[in-house]
Amino acid sequence: MTNLLPWIVGLGLALIVEALLARYEVLAYSVGWRAPSSVLPEGVPYARGAAADRPPAAYLVYLDGIGKRRAHDTRDGGQLVKALLAGAPELRVLGQVQPYSPLADPLADRPVWAWLRRHAGLLLFLHNVMQTFVAADRRYRPFYNRAVGNQIATQLRLAGYQPDSGVPVVLLSYSGGAQVATGAVDELHTQLRAPLLLILLGAFHNGANDLTYAEHLHQLTSASDRIERVGTWIFPQRWRLFRRTGWNRAVRAGKVTVHRLDPATHVGPRSYISPTAQLPDGRTHLDRTADTVIDLIRAHYSATTSTDDRSL
């Protein structure tokens, strides 16, 4: 017990420091001290996939989980992005958005955090966890939503998106990225007037954001995903009792469709995006998740195209 005490005290201090620092970026943005950066590191494209010389079938923005700390893909998120690019070459895919930085400032590129990554890597994840709760906090949520929504809109324009073009924008989010995806809906509608489809994978979010301008939401979940289940417990806005929250209004409006990806877990060797865990049909969990996402996107833009054709 004596040996554990310094670690417990250290972790407690780290939590207090992170709770204070996590608010800095959104406050700096809201008062105009700092502006988000739109410049990407050398070698990182604004989008991958379909060529930029003609409109793709859809733009897909991938908002990663709490492991996201640089413009480059994370290990697991990168595998999912590669699978989507291989299976759906008609999409233009953006994976560089920083869900846990209102200033679009990659955490791993900051000198202090680069040092911490080598000596106390756990703090990198702790930082992003805290940012998720800042994004969910009613005091900071409007500013956070506007900042990251603006970041996504800027990156989409740089990737070739034309406002009012009618080309669908898909926000594919994993874990805490769902808090950011649901919060970005209003700002993306304001700036781009784009048809918005949300696909939430193992979603951890508080359910408070207004989803009026989302055309549909697909919730990819599993009975073995304990982290997602915790989110439905700790955030009252997700409880059915609170009928007027953004999430519950969307559910009642028929905008939310649930898809089961059992027996996948949230993280680990049997996660949704595991390239090794196999299903009875021989596919890996990664294959099934990528196939499901692609099928949902294709069904959505095919239905949108058919509706547009009938209206002519």
# chains A, B, ... in the order shown; residues from 1 in each chain; ligands from 1
$ residues_around --residues "Asp105 (chain A)" --least-positions-apart "3" --cutoff "8 Å" --atoms "only C-alpha atoms" --output "NGL selection string"
:A and (36-37 or 98 or 101-102 or 109)
$ atom_distance --atom1 "CA of His259 (chain A)" --atom2 "CA of Ser175 (chain A)"
15.4 Å
$ closest_atom_pairs --of "region 209-255 of chain A" --to "region 168-173 of chain A" --cutoff "10 Å" --atoms "only C-alpha atoms" --output "Markdown table"
| residue | atom | partner | partner_atom | distance |
| --- | --- | --- | --- | --- |
| A:Ala214 | CA | A:Val170 | CA | 9.9 |
| A:Glu215 | CA | A:Pro168 | CA | 9.9 |
| A:Leu217 | CA | A:Leu171 | CA | 9.5 |
| A:His218 | CA | A:Leu172 | CA | 9.5 |
$ closest_residue --among "A:Ile199, A:Gln237, A:Ala104, A:Ile227" --to "Thr292 (chain A)" --atoms "only C-alpha atoms"
A:Ile199
$ residues_around --residues "Leu200 (chain A)" --least-positions-apart "6" --cutoff "6 Å" --atoms "only C-alpha atoms" --output "mmCIF file with C-alpha atoms, in the first residue's frame"
data_model
loop_
_atom_site.group_PDB
_atom_site.id
_atom_site.type_symbol
_atom_site.label_atom_id
_atom_site.label_comp_id
_atom_site.auth_asym_id
_atom_site.auth_seq_id
_atom_site.Cartn_x
_atom_site.Cartn_y
_atom_site.Cartn_z
ATOM 1 C CA SER A 173 -16.940 8.572 -35.223
ATOM 2 C CA ALA A 178 -19.212 10.729 -31.194
ATOM 3 C CA GLN A 219 -25.503 3.464 -34.083
ATOM 4 C CA LEU A 220 -23.050 0.555 -34.378
#
$ residues_around --residues "region 300-302 of chain A" --least-positions-apart "2" --cutoff "12 Å" --atoms "only C-alpha atoms" --output "PyMOL selection string"
chain A and resi 56-59+90-91+166-170+195-199+215-218+293-298+304-309
$ residues_around --residues "Thr265 (chain A)" --least-positions-apart "4" --cutoff "7 Å" --atoms "only C-alpha atoms" --output "PyMOL selection string"
chain A and resi 222+224-225+270-272
$ closest_residue --among "A:Ala35, A:Ala181, A:Ala264, A:Ala208" --to "Arg238 (chain A)" --atoms "only C-alpha atoms"
A:Ala208
$ select_by_dssp --residues "region 123-297 of chain A" --states "helix (DSSP H, G or I)" --output "PyMOL selection string"
chain A and resi 123-136+141-158+177-183+185-192+226-234+236-238+246-252+285-297
$ residues_around --residues "Tyr213 (chain A)" --least-positions-apart "3" --cutoff "12 Å" --atoms "only C-alpha atoms" --output "count of residues only"
24
$ residues_around --residues "region 131-135 of chain A" --least-positions-apart "4" --cutoff "8 Å" --atoms "only C-alpha atoms" --output "number ranges by chain"
A: 22-23, 100-101, 127, 140-141, 144-145, 176, 179-180
$ write_last_selection --atoms "N, CA, C and O atoms" --output "compact mmCIF listing (two decimals), in the first residue's frame"
# COMPACT_ATOMS: atom_id res chain seq x y z
N ALA A 22 -7.59 21.26 -19.78
CA ALA A 22 -8.49 20.85 -20.86
C ALA A 22 -9.42 21.98 -21.28
O ALA A 22 -9.88 22.02 -22.42
N ARG A 23 -9.69 22.91 -20.37
CA ARG A 23 -10.58 24.02 -20.69
C ARG A 23 -9.87 25.16 -21.43
O ARG A 23 -10.52 26.02 -22.01
N TYR A 100 -10.14 16.35 -30.36
CA TYR A 100 -9.89 16.73 -28.97
C TYR A 100 -9.05 18.00 -28.86
O TYR A 100 -8.42 18.25 -27.83
N SER A 101 -9.08 18.80 -29.94
CA SER A 101 -8.38 20.07 -29.91
C SER A 101 -9.22 21.12 -30.64
O SER A 101 -9.24 21.15 -31.87
N HIS A 127 -5.55 13.37 -21.29
CA HIS A 127 -5.87 14.68 -21.85
C HIS A 127 -7.11 14.60 -22.75
O HIS A 127 -8.04 15.40 -22.63
N TYR A 140 -19.31 24.78 -21.70
CA TYR A 140 -18.33 24.92 -22.78
C TYR A 140 -18.80 24.33 -24.10
O TYR A 140 -18.20 24.59 -25.14
N ARG A 141 -19.85 23.52 -24.05
CA ARG A 141 -20.28 22.77 -25.23
C ARG A 141 -20.54 23.64 -26.45
O ARG A 141 -20.09 23.31 -27.56
N TYR A 144 -17.18 24.67 -27.90
CA TYR A 144 -16.45 23.50 -28.40
C TYR A 144 -17.06 23.03 -29.72
O TYR A 144 -16.35 22.75 -30.69
N ASN A 145 -18.39 22.95 -29.75
CA ASN A 145 -19.07 22.51 -30.97
C ASN A 145 -18.77 23.43 -32.15
O ASN A 145 -18.52 22.97 -33.28
N GLY A 176 -15.23 8.42 -28.11
CA GLY A 176 -15.46 9.82 -27.75
C GLY A 176 -15.61 10.74 -28.94
O GLY A 176 -16.11 11.87 -28.79
N GLN A 179 -19.07 12.40 -29.41
CA GLN A 179 -19.45 13.66 -28.77
C GLN A 179 -19.17 14.83 -29.70
O GLN A 179 -19.95 15.78 -29.81
N VAL A 180 -18.06 14.76 -30.40
CA VAL A 180 -17.67 15.81 -31.34
C VAL A 180 -18.53 15.77 -32.59
O VAL A 180 -18.98 16.81 -33.09
$ closest_residue --among "A:Val251, A:Thr212, A:Gln79, A:Gly43" --to "Thr276 (chain A)" --atoms "only C-alpha atoms"
A:Gln79
$ select_by_dssp --residues "region 99-213 of chain A" --states "strand (DSSP E or B)" --output "list in words"
Val169, Val170, Leu171, Leu172, Ser173, Tyr174, Leu196, Leu197, Leu198, Ile199, Leu200 and Leu201 of chain A
$ write_last_selection --atoms "all heavy atoms" --output "CSV table (one decimal), in the first residue's frame"
chain,number,residue,atom,x,y,z
A,169,VAL,N,-22.1,14.5,-46.7
A,169,VAL,CA,-21.0,14.4,-45.7
A,169,VAL,C,-21.3,13.4,-44.7
A,169,VAL,O,-22.4,13.5,-44.0
A,169,VAL,CB,-20.7,15.8,-45.1
A,169,VAL,CG1,-19.7,15.7,-44.0
A,169,VAL,CG2,-20.2,16.8,-46.2
A,170,VAL,N,-20.4,12.4,-44.5
A,170,VAL,CA,-20.6,11.4,-43.5
A,170,VAL,C,-19.6,11.6,-42.4
A,170,VAL,O,-18.4,11.8,-42.6
A,170,VAL,CB,-20.3,10.0,-44.1
A,170,VAL,CG1,-20.6,8.9,-43.0
A,170,VAL,CG2,-21.2,9.8,-45.3
A,171,LEU,N,-20.1,11.7,-41.1
A,171,LEU,CA,-19.3,11.8,-40.0
A,171,LEU,C,-19.2,10.4,-39.3
A,171,LEU,O,-20.2,10.0,-38.7
A,171,LEU,CB,-19.8,12.9,-39.0
A,171,LEU,CG,-19.9,14.3,-39.5
A,171,LEU,CD1,-20.5,15.2,-38.4
A,171,LEU,CD2,-18.6,14.8,-40.0
A,172,LEU,N,-18.1,9.8,-39.5
A,172,LEU,CA,-17.9,8.4,-38.9
A,172,LEU,C,-17.1,8.6,-37.6
A,172,LEU,O,-15.9,9.1,-37.7
A,172,LEU,CB,-17.2,7.5,-39.9
A,172,LEU,CG,-16.7,6.2,-39.3
A,172,LEU,CD1,-17.9,5.3,-38.7
A,172,LEU,CD2,-15.9,5.4,-40.3
A,173,SER,N,-17.6,8.3,-36.5
A,173,SER,CA,-16.9,8.6,-35.2
A,173,SER,C,-16.8,7.3,-34.4
A,173,SER,O,-17.6,6.4,-34.5
A,173,SER,CB,-17.7,9.6,-34.4
A,173,SER,OG,-19.0,9.2,-34.1
A,174,TYR,N,-15.7,7.2,-33.7
A,174,TYR,CA,-15.4,6.1,-32.8
A,174,TYR,C,-15.3,6.6,-31.4
A,174,TYR,O,-14.6,7.6,-31.1
A,174,TYR,CB,-14.2,5.4,-33.3
A,174,TYR,CG,-13.7,4.3,-32.3
A,174,TYR,CD1,-14.5,3.3,-31.9
A,174,TYR,CD2,-12.4,4.3,-31.9
A,174,TYR,CE1,-14.1,2.3,-31.0
A,174,TYR,CE2,-11.9,3.4,-31.0
A,174,TYR,CZ,-12.7,2.4,-30.6
A,174,TYR,OH,-12.3,1.4,-29.7
A,196,LEU,N,-26.2,15.6,-44.0
A,196,LEU,CA,-25.3,15.0,-43.0
A,196,LEU,C,-25.8,13.6,-42.6
A,196,LEU,O,-26.9,13.5,-42.2
A,196,LEU,CB,-25.2,15.9,-41.8
A,196,LEU,CG,-24.5,17.3,-42.0
A,196,LEU,CD1,-24.7,18.1,-40.8
A,196,LEU,CD2,-23.1,17.1,-42.4
A,197,LEU,N,-24.9,12.7,-42.7
A,197,LEU,CA,-25.2,11.3,-42.2
A,197,LEU,C,-24.1,11.0,-41.1
A,197,LEU,O,-22.9,11.2,-41.3
A,197,LEU,CB,-25.0,10.3,-43.3
A,197,LEU,CG,-25.1,8.8,-42.9
A,197,LEU,CD1,-26.5,8.5,-42.4
A,197,LEU,CD2,-24.7,7.9,-44.0
A,198,LEU,N,-24.6,10.6,-39.9
A,198,LEU,CA,-23.7,10.2,-38.8
A,198,LEU,C,-23.7,8.7,-38.6
A,198,LEU,O,-24.8,8.1,-38.5
A,198,LEU,CB,-24.2,10.9,-37.5
A,198,LEU,CG,-23.6,12.4,-37.3
A,198,LEU,CD1,-24.2,13.3,-38.4
A,198,LEU,CD2,-24.0,12.9,-35.9
A,199,ILE,N,-22.5,8.2,-38.5
A,199,ILE,CA,-22.3,6.8,-38.1
A,199,ILE,C,-21.5,6.7,-36.9
A,199,ILE,O,-20.3,7.1,-36.8
A,199,ILE,CB,-21.7,6.0,-39.3
A,199,ILE,CG1,-22.5,6.1,-40.5
A,199,ILE,CG2,-21.5,4.5,-38.9
A,199,ILE,CD1,-21.8,5.4,-41.7
A,200,LEU,N,-22.1,6.2,-35.8
A,200,LEU,CA,-21.5,6.3,-34.5
A,200,LEU,C,-21.0,4.8,-34.1
A,200,LEU,O,-21.9,3.9,-33.9
A,200,LEU,CB,-22.5,6.8,-33.4
A,200,LEU,CG,-23.2,8.1,-33.8
A,200,LEU,CD1,-24.2,8.4,-32.7
A,200,LEU,CD2,-22.3,9.2,-34.1
A,201,LEU,N,-19.7,4.6,-33.9
A,201,LEU,CA,-19.2,3.3,-33.6
A,201,LEU,C,-18.7,3.3,-32.2
A,201,LEU,O,-17.8,4.0,-31.8
A,201,LEU,CB,-18.0,3.0,-34.6
A,201,LEU,CG,-17.2,1.7,-34.3
A,201,LEU,CD1,-18.1,0.5,-34.5
A,201,LEU,CD2,-16.0,1.7,-35.3
$ closest_residue --among "A:Val26, A:Val129, A:Ala50, A:Leu156" --to "Lys68 (chain A)" --atoms "only C-alpha atoms"
A:Val129
$ atom_distance --atom1 "CA of Leu279 (chain A)" --atom2 "CA of Ala223 (chain A)"
15.5 Å
$ closest_residue --among "A:Leu103, A:Ile66, A:Val230, A:Ala290" --to "Gly87 (chain A)" --atoms "only C-alpha atoms"
A:Ala290
$ atom_distance --atom1 "CA of Phe235 (chain A)" --atom2 "CA of Asn206 (chain A)"
5.2 Å
$ decode --residues "region 76-91 of chain A" --atoms "all heavy atoms" --output "mmCIF file, in the first residue's frame"
data_model
loop_
_atom_site.group_PDB
_atom_site.id
_atom_site.type_symbol
_atom_site.label_atom_id
_atom_site.label_comp_id
_atom_site.auth_asym_id
_atom_site.auth_seq_id
_atom_site.Cartn_x
_atom_site.Cartn_y
_atom_site.Cartn_z
ATOM 1 N N ASP A 76 -5.071 1.792 -34.920
ATOM 2 C CA ASP A 76 -6.345 1.122 -35.172
ATOM 3 C C ASP A 76 -7.223 1.914 -36.133
ATOM 4 O O ASP A 76 -7.822 1.359 -37.057
ATOM 5 C CB ASP A 76 -7.093 0.896 -33.851
ATOM 6 C CG ASP A 76 -6.381 -0.102 -32.951
ATOM 7 O OD1 ASP A 76 -5.549 -0.878 -33.462
ATOM 8 O OD2 ASP A 76 -6.651 -0.095 -31.738
ATOM 9 N N GLY A 77 -7.297 3.239 -35.904
ATOM 10 C CA GLY A 77 -8.103 4.067 -36.795
ATOM 11 C C GLY A 77 -7.586 4.031 -38.221
ATOM 12 O O GLY A 77 -8.358 4.048 -39.182
ATOM 13 N N GLY A 78 -6.257 3.955 -38.368
ATOM 14 C CA GLY A 78 -5.667 3.892 -39.694
ATOM 15 C C GLY A 78 -6.057 2.626 -40.437
ATOM 16 O O GLY A 78 -6.264 2.643 -41.659
ATOM 17 N N GLN A 79 -6.177 1.519 -39.711
ATOM 18 C CA GLN A 79 -6.597 0.277 -40.347
ATOM 19 C C GLN A 79 -8.026 0.388 -40.859
ATOM 20 O O GLN A 79 -8.352 -0.105 -41.952
ATOM 21 C CB GLN A 79 -6.488 -0.887 -39.359
ATOM 22 C CG GLN A 79 -5.053 -1.221 -38.979
ATOM 23 C CD GLN A 79 -4.968 -2.380 -38.014
ATOM 24 O OE1 GLN A 79 -4.447 -3.432 -38.336
ATOM 25 N NE2 GLN A 79 -5.494 -2.189 -36.825
ATOM 26 N N LEU A 80 -8.894 1.045 -40.098
ATOM 27 C CA LEU A 80 -10.271 1.233 -40.537
ATOM 28 C C LEU A 80 -10.320 2.150 -41.759
ATOM 29 O O LEU A 80 -11.032 1.868 -42.728
ATOM 30 C CB LEU A 80 -11.116 1.808 -39.399
ATOM 31 C CG LEU A 80 -12.579 2.090 -39.729
ATOM 32 C CD1 LEU A 80 -13.284 0.839 -40.243
ATOM 33 C CD2 LEU A 80 -13.309 2.654 -38.507
ATOM 34 N N VAL A 81 -9.581 3.242 -41.730
ATOM 35 C CA VAL A 81 -9.559 4.159 -42.868
ATOM 36 C C VAL A 81 -9.060 3.450 -44.122
ATOM 37 O O VAL A 81 -9.632 3.595 -45.213
ATOM 38 C CB VAL A 81 -8.690 5.393 -42.545
ATOM 39 C CG1 VAL A 81 -8.431 6.210 -43.806
ATOM 40 C CG2 VAL A 81 -9.364 6.265 -41.487
ATOM 41 N N LYS A 82 -8.008 2.656 -44.002
ATOM 42 C CA LYS A 82 -7.485 1.920 -45.158
ATOM 43 C C LYS A 82 -8.522 0.951 -45.711
ATOM 44 O O LYS A 82 -8.679 0.806 -46.934
ATOM 45 C CB LYS A 82 -6.216 1.166 -44.770
ATOM 46 C CG LYS A 82 -5.000 2.050 -44.566
ATOM 47 C CD LYS A 82 -3.789 1.219 -44.146
ATOM 48 C CE LYS A 82 -2.576 2.108 -43.901
ATOM 49 N NZ LYS A 82 -1.401 1.319 -43.423
ATOM 50 N N ALA A 83 -9.242 0.275 -44.820
ATOM 51 C CA ALA A 83 -10.265 -0.664 -45.267
ATOM 52 C C ALA A 83 -11.394 0.057 -45.993
ATOM 53 O O ALA A 83 -11.935 -0.445 -46.993
ATOM 54 C CB ALA A 83 -10.810 -1.441 -44.067
ATOM 55 N N LEU A 84 -11.764 1.234 -45.522
ATOM 56 C CA LEU A 84 -12.815 2.018 -46.172
ATOM 57 C C LEU A 84 -12.356 2.512 -47.543
ATOM 58 O O LEU A 84 -13.121 2.478 -48.517
ATOM 59 C CB LEU A 84 -13.212 3.200 -45.290
ATOM 60 C CG LEU A 84 -13.870 2.841 -43.951
ATOM 61 C CD1 LEU A 84 -14.028 4.084 -43.079
ATOM 62 C CD2 LEU A 84 -15.230 2.183 -44.173
ATOM 63 N N LEU A 85 -11.126 2.967 -47.629
ATOM 64 C CA LEU A 85 -10.593 3.435 -48.911
ATOM 65 C C LEU A 85 -10.524 2.294 -49.928
ATOM 66 O O LEU A 85 -10.831 2.482 -51.109
ATOM 67 C CB LEU A 85 -9.208 4.039 -48.712
ATOM 68 C CG LEU A 85 -9.154 5.397 -48.011
ATOM 69 C CD1 LEU A 85 -7.726 5.731 -47.589
ATOM 70 C CD2 LEU A 85 -9.708 6.489 -48.911
ATOM 71 N N ALA A 86 -10.136 1.103 -49.464
ATOM 72 C CA ALA A 86 -10.036 -0.041 -50.366
ATOM 73 C C ALA A 86 -11.408 -0.523 -50.817
ATOM 74 O O ALA A 86 -11.590 -0.921 -51.977
ATOM 75 C CB ALA A 86 -9.281 -1.180 -49.677
ATOM 76 N N GLY A 87 -12.378 -0.463 -49.907
ATOM 77 C CA GLY A 87 -13.704 -0.995 -50.233
ATOM 78 C C GLY A 87 -14.632 -0.006 -50.899
ATOM 79 O O GLY A 87 -15.623 -0.405 -51.513
ATOM 80 N N ALA A 88 -14.350 1.272 -50.787
ATOM 81 C CA ALA A 88 -15.233 2.305 -51.352
ATOM 82 C C ALA A 88 -14.405 3.403 -51.996
ATOM 83 O O ALA A 88 -14.283 4.508 -51.462
ATOM 84 C CB ALA A 88 -16.146 2.885 -50.265
ATOM 85 N N PRO A 89 -13.806 3.136 -53.157
ATOM 86 C CA PRO A 89 -12.946 4.138 -53.805
ATOM 87 C C PRO A 89 -13.702 5.371 -54.288
ATOM 88 O O PRO A 89 -13.074 6.361 -54.682
ATOM 89 C CB PRO A 89 -12.347 3.365 -54.986
ATOM 90 C CG PRO A 89 -13.303 2.251 -55.240
ATOM 91 C CD PRO A 89 -13.858 1.881 -53.911
ATOM 92 N N GLU A 90 -15.034 5.330 -54.240
ATOM 93 C CA GLU A 90 -15.818 6.485 -54.680
ATOM 94 C C GLU A 90 -15.910 7.568 -53.592
ATOM 95 O O GLU A 90 -16.457 8.658 -53.838
ATOM 96 C CB GLU A 90 -17.241 6.049 -55.075
ATOM 97 C CG GLU A 90 -18.170 5.664 -53.920
ATOM 98 C CD GLU A 90 -18.057 4.198 -53.498
ATOM 99 O OE1 GLU A 90 -17.024 3.570 -53.817
ATOM 100 O OE2 GLU A 90 -19.004 3.700 -52.867
ATOM 101 N N LEU A 91 -15.379 7.295 -52.402
ATOM 102 C CA LEU A 91 -15.433 8.258 -51.296
ATOM 103 C C LEU A 91 -14.151 9.085 -51.223
ATOM 104 O O LEU A 91 -13.084 8.626 -51.587
ATOM 105 C CB LEU A 91 -15.616 7.528 -49.962
ATOM 106 C CG LEU A 91 -16.831 6.624 -49.799
ATOM 107 C CD1 LEU A 91 -16.797 5.944 -48.430
ATOM 108 C CD2 LEU A 91 -18.128 7.403 -49.979
#
